[in-house]
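For reference, structure25.cif (mmCIF, C-alpha atoms, pLDDT in the B column; chains and numbers go by the auth columns):
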```cif
data_structure
#
loop_
_atom_site.group_PDB
_atom_site.id
_atom_site.type_symbol
_atom_site.label_atom_id
_atom_site.label_comp_id
_atom_site.label_asym_id
_atom_site.label_seq_id
_atom_site.Cartn_x
_atom_site.Cartn_y
_atom_site.Cartn_z
_atom_site.B_iso_or_equiv
_atom_site.auth_seq_id
_atom_site.auth_asym_id
ATOM 1 C CA MET A 1 18.283 50.676 -23.369 48.00 1 L
ATOM 2 C CA ASN A 2 15.750 49.158 -20.981 55.00 2 L
ATOM 3 C CA THR A 3 17.284 46.753 -18.462 55.00 3 L
ATOM 4 C CA LYS A 4 15.082 44.943 -15.995 58.00 4 L
ATOM 5 C CA LYS A 5 16.090 45.086 -12.327 57.00 5 L
ATOM 6 C CA THR A 6 16.442 41.733 -10.638 61.00 6 L
ATOM 7 C CA THR A 7 14.746 41.545 -7.281 58.00 7 L
ATOM 8 C CA HIS A 8 16.861 40.596 -4.305 59.00 8 L
ATOM 9 C CA PRO A 9 15.431 37.594 -2.363 61.00 9 L
ATOM 10 C CA LEU A 10 15.123 39.718 0.775 58.00 10 L
ATOM 11 C CA SER A 11 13.386 42.639 -0.901 55.00 11 L
ATOM 12 C CA GLU A 12 9.961 41.816 0.562 59.00 12 L
ATOM 13 C CA MET A 13 10.748 42.845 4.120 63.00 13 L
ATOM 14 C CA ASP A 14 10.104 45.715 6.443 72.00 14 L
ATOM 15 C CA MET A 15 12.854 48.345 6.235 79.00 15 L
ATOM 16 C CA ARG A 16 13.183 48.417 10.026 82.00 16 L
ATOM 17 C CA LEU A 17 14.061 44.731 10.007 84.00 17 L
ATOM 18 C CA LEU A 18 16.607 45.273 7.244 83.00 18 L
ATOM 19 C CA GLU A 19 18.247 48.128 9.159 87.00 19 L
ATOM 20 C CA ARG A 20 18.260 46.068 12.362 87.00 20 L
ATOM 21 C CA LYS A 21 20.024 43.207 10.569 88.00 21 L
ATOM 22 C CA LEU A 22 22.620 45.659 9.257 89.00 22 L
ATOM 23 C CA ARG A 23 23.258 47.077 12.763 91.00 23 L
ATOM 24 C CA LYS A 24 23.589 43.580 14.236 92.00 24 L
ATOM 25 C CA GLY A 25 26.037 42.563 11.506 92.00 25 L
ATOM 26 C CA GLU A 26 23.711 39.907 10.098 90.00 26 L
ATOM 27 C CA ILE A 27 24.057 41.450 6.629 88.00 27 L
ATOM 28 C CA SER A 28 26.882 43.493 5.142 91.00 28 L
ATOM 29 C CA ARG A 29 26.645 47.103 3.961 91.00 29 L
ATOM 30 C CA LYS A 30 27.037 45.811 0.389 91.00 30 L
ATOM 31 C CA GLU A 31 24.081 43.405 0.847 88.00 31 L
ATOM 32 C CA TYR A 32 22.039 46.203 2.435 87.00 32 L
ATOM 33 C CA GLU A 33 22.648 48.557 -0.491 86.00 33 L
ATOM 34 C CA ALA A 34 21.881 45.812 -3.038 85.00 34 L
ATOM 35 C CA ILE A 35 18.591 45.087 -1.295 82.00 35 L
ATOM 36 C CA LEU A 36 17.668 48.781 -1.232 80.00 36 L
ATOM 37 C CA GLU A 37 18.348 49.106 -4.960 80.00 37 L
ATOM 38 C CA SER A 38 16.164 46.103 -5.758 79.00 38 L
ATOM 39 C CA LEU A 39 13.141 47.253 -3.750 73.00 39 L
ATOM 40 C CA PRO A 40 10.052 47.957 -5.808 70.00 40 L
ATOM 41 C CA GLU A 41 8.145 51.191 -5.287 70.00 41 L
ATOM 42 C CA SER A 42 5.043 50.348 -3.321 64.00 42 L
ATOM 43 C CA ASP A 43 2.548 51.823 -0.912 65.00 43 L
ATOM 44 C CA GLU A 44 1.382 48.371 0.170 65.00 44 L
ATOM 45 C CA TYR A 45 1.978 46.768 3.552 64.00 45 L
ATOM 46 C CA ILE A 46 3.995 43.548 3.399 65.00 46 L
ATOM 47 C CA GLU A 47 3.788 40.927 6.155 72.00 47 L
ATOM 48 C CA ILE A 48 7.220 40.051 7.590 72.00 48 L
ATOM 49 C CA ASP A 49 8.366 36.435 7.726 78.00 49 L
ATOM 50 C CA GLU A 50 11.358 36.732 10.078 80.00 50 L
ATOM 51 C CA ASN A 51 11.938 32.968 10.205 83.00 51 L
ATOM 52 C CA GLY A 52 12.030 32.778 6.422 81.00 52 L
ATOM 53 C CA ILE A 53 14.475 35.694 6.247 82.00 53 L
ATOM 54 C CA THR A 54 16.769 34.127 8.847 84.00 54 L
ATOM 55 C CA ALA A 55 16.729 30.799 6.972 85.00 55 L
ATOM 56 C CA LEU A 56 17.512 32.530 3.665 83.00 56 L
ATOM 57 C CA LEU A 57 20.423 34.459 5.192 85.00 57 L
ATOM 58 C CA ALA A 58 21.833 31.258 6.710 87.00 58 L
ATOM 59 C CA LYS A 59 21.514 29.443 3.373 85.00 59 L
ATOM 60 C CA ASN A 60 23.260 32.287 1.510 82.00 60 L
ATOM 61 C CA ARG A 61 26.136 32.303 3.998 85.00 61 L
ATOM 62 C CA MET A 62 26.615 28.547 3.649 84.00 62 L
ATOM 63 C CA GLU A 63 26.784 28.888 -0.145 80.00 63 L
ATOM 64 C CA GLN A 64 29.504 31.565 0.050 71.00 64 L
#
```
Here is a file; write its structure as structure tokens.
Amino acid sequence: MNTKKTTHPLSEMDMRLLERKLRKGEISRKEYEAILESLPESDEYIEIDENGITALLAKNRMEQ
């Protein structure tokens, strides 16, 4: 059975930023683990859009 992984909206971020958000309590451990599982394998550098990430987190919290 071949199931496709769905990519988490925050998966295109630097891991240091993700870990910082976890330490600050901006994301939960469950969100952190879900993001890690959805990350694609890549050797490429990805530019970080911190404002976009903050806006997405705020939007997700308002929807919950």
Using all atoms listed in the file, pick whichever of L:Leu57, L:Ile27, L:Leu22, L:Met15 has the shortest atom-to-atom distance to L:Leu39.
L:Met15
Interatomic distance between atom CA of L:Ile35 and atom CA of L:Glu19?
10.9 Å
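Separating atom CA of L:Glu63 from atom CA of L:Lys21 is a distance of 19.1 Å.
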Selection result of the PyMOL selection byres ((chain L and resi 32) around 12) on this file, as a PDB file with C-alpha atoms, in the coordinates of the input:
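The resulting file, selection.pdb, is shown below:
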```pdb
ATOM      1  CA  HIS L   8      16.861  40.596  -4.305  1.00 59.00           C
ATOM      2  CA  PRO L   9      15.431  37.594  -2.363  1.00 61.00           C
ATOM      3  CA  LEU L  10      15.123  39.718   0.775  1.00 58.00           C
ATOM      4  CA  SER L  11      13.386  42.639  -0.901  1.00 55.00           C
ATOM      5  CA  MET L  13      10.748  42.845   4.120  1.00 63.00           C
ATOM      6  CA  MET L  15      12.854  48.345   6.235  1.00 79.00           C
ATOM      7  CA  ARG L  16      13.183  48.417  10.026  1.00 82.00           C
ATOM      8  CA  LEU L  17      14.061  44.731  10.007  1.00 84.00           C
ATOM      9  CA  LEU L  18      16.607  45.273   7.244  1.00 83.00           C
ATOM     10  CA  GLU L  19      18.247  48.128   9.159  1.00 87.00           C
ATOM     11  CA  ARG L  20      18.260  46.068  12.362  1.00 87.00           C
ATOM     12  CA  LYS L  21      20.024  43.207  10.569  1.00 88.00           C
ATOM     13  CA  LEU L  22      22.620  45.659   9.257  1.00 89.00           C
ATOM     14  CA  ARG L  23      23.258  47.077  12.763  1.00 91.00           C
ATOM     15  CA  GLY L  25      26.037  42.563  11.506  1.00 92.00           C
ATOM     16  CA  GLU L  26      23.711  39.907  10.098  1.00 90.00           C
ATOM     17  CA  ILE L  27      24.057  41.450   6.629  1.00 88.00           C
ATOM     18  CA  SER L  28      26.882  43.493   5.142  1.00 91.00           C
ATOM     19  CA  ARG L  29      26.645  47.103   3.961  1.00 91.00           C
ATOM     20  CA  LYS L  30      27.037  45.811   0.389  1.00 91.00           C
ATOM     21  CA  GLU L  31      24.081  43.405   0.847  1.00 88.00           C
ATOM     22  CA  GLU L  33      22.648  48.557  -0.491  1.00 86.00           C
ATOM     23  CA  ALA L  34      21.881  45.812  -3.038  1.00 85.00           C
ATOM     24  CA  ILE L  35      18.591  45.087  -1.295  1.00 82.00           C
ATOM     25  CA  LEU L  36      17.668  48.781  -1.232  1.00 80.00           C
ATOM     26  CA  GLU L  37      18.348  49.106  -4.960  1.00 80.00           C
ATOM     27  CA  SER L  38      16.164  46.103  -5.758  1.00 79.00           C
ATOM     28  CA  LEU L  39      13.141  47.253  -3.750  1.00 73.00           C
TER      29      LEU L  39
END
```
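When atom CA of L:Ala55 is paired with atom CA of L:Asp14, their separation reads 16.3 Å.
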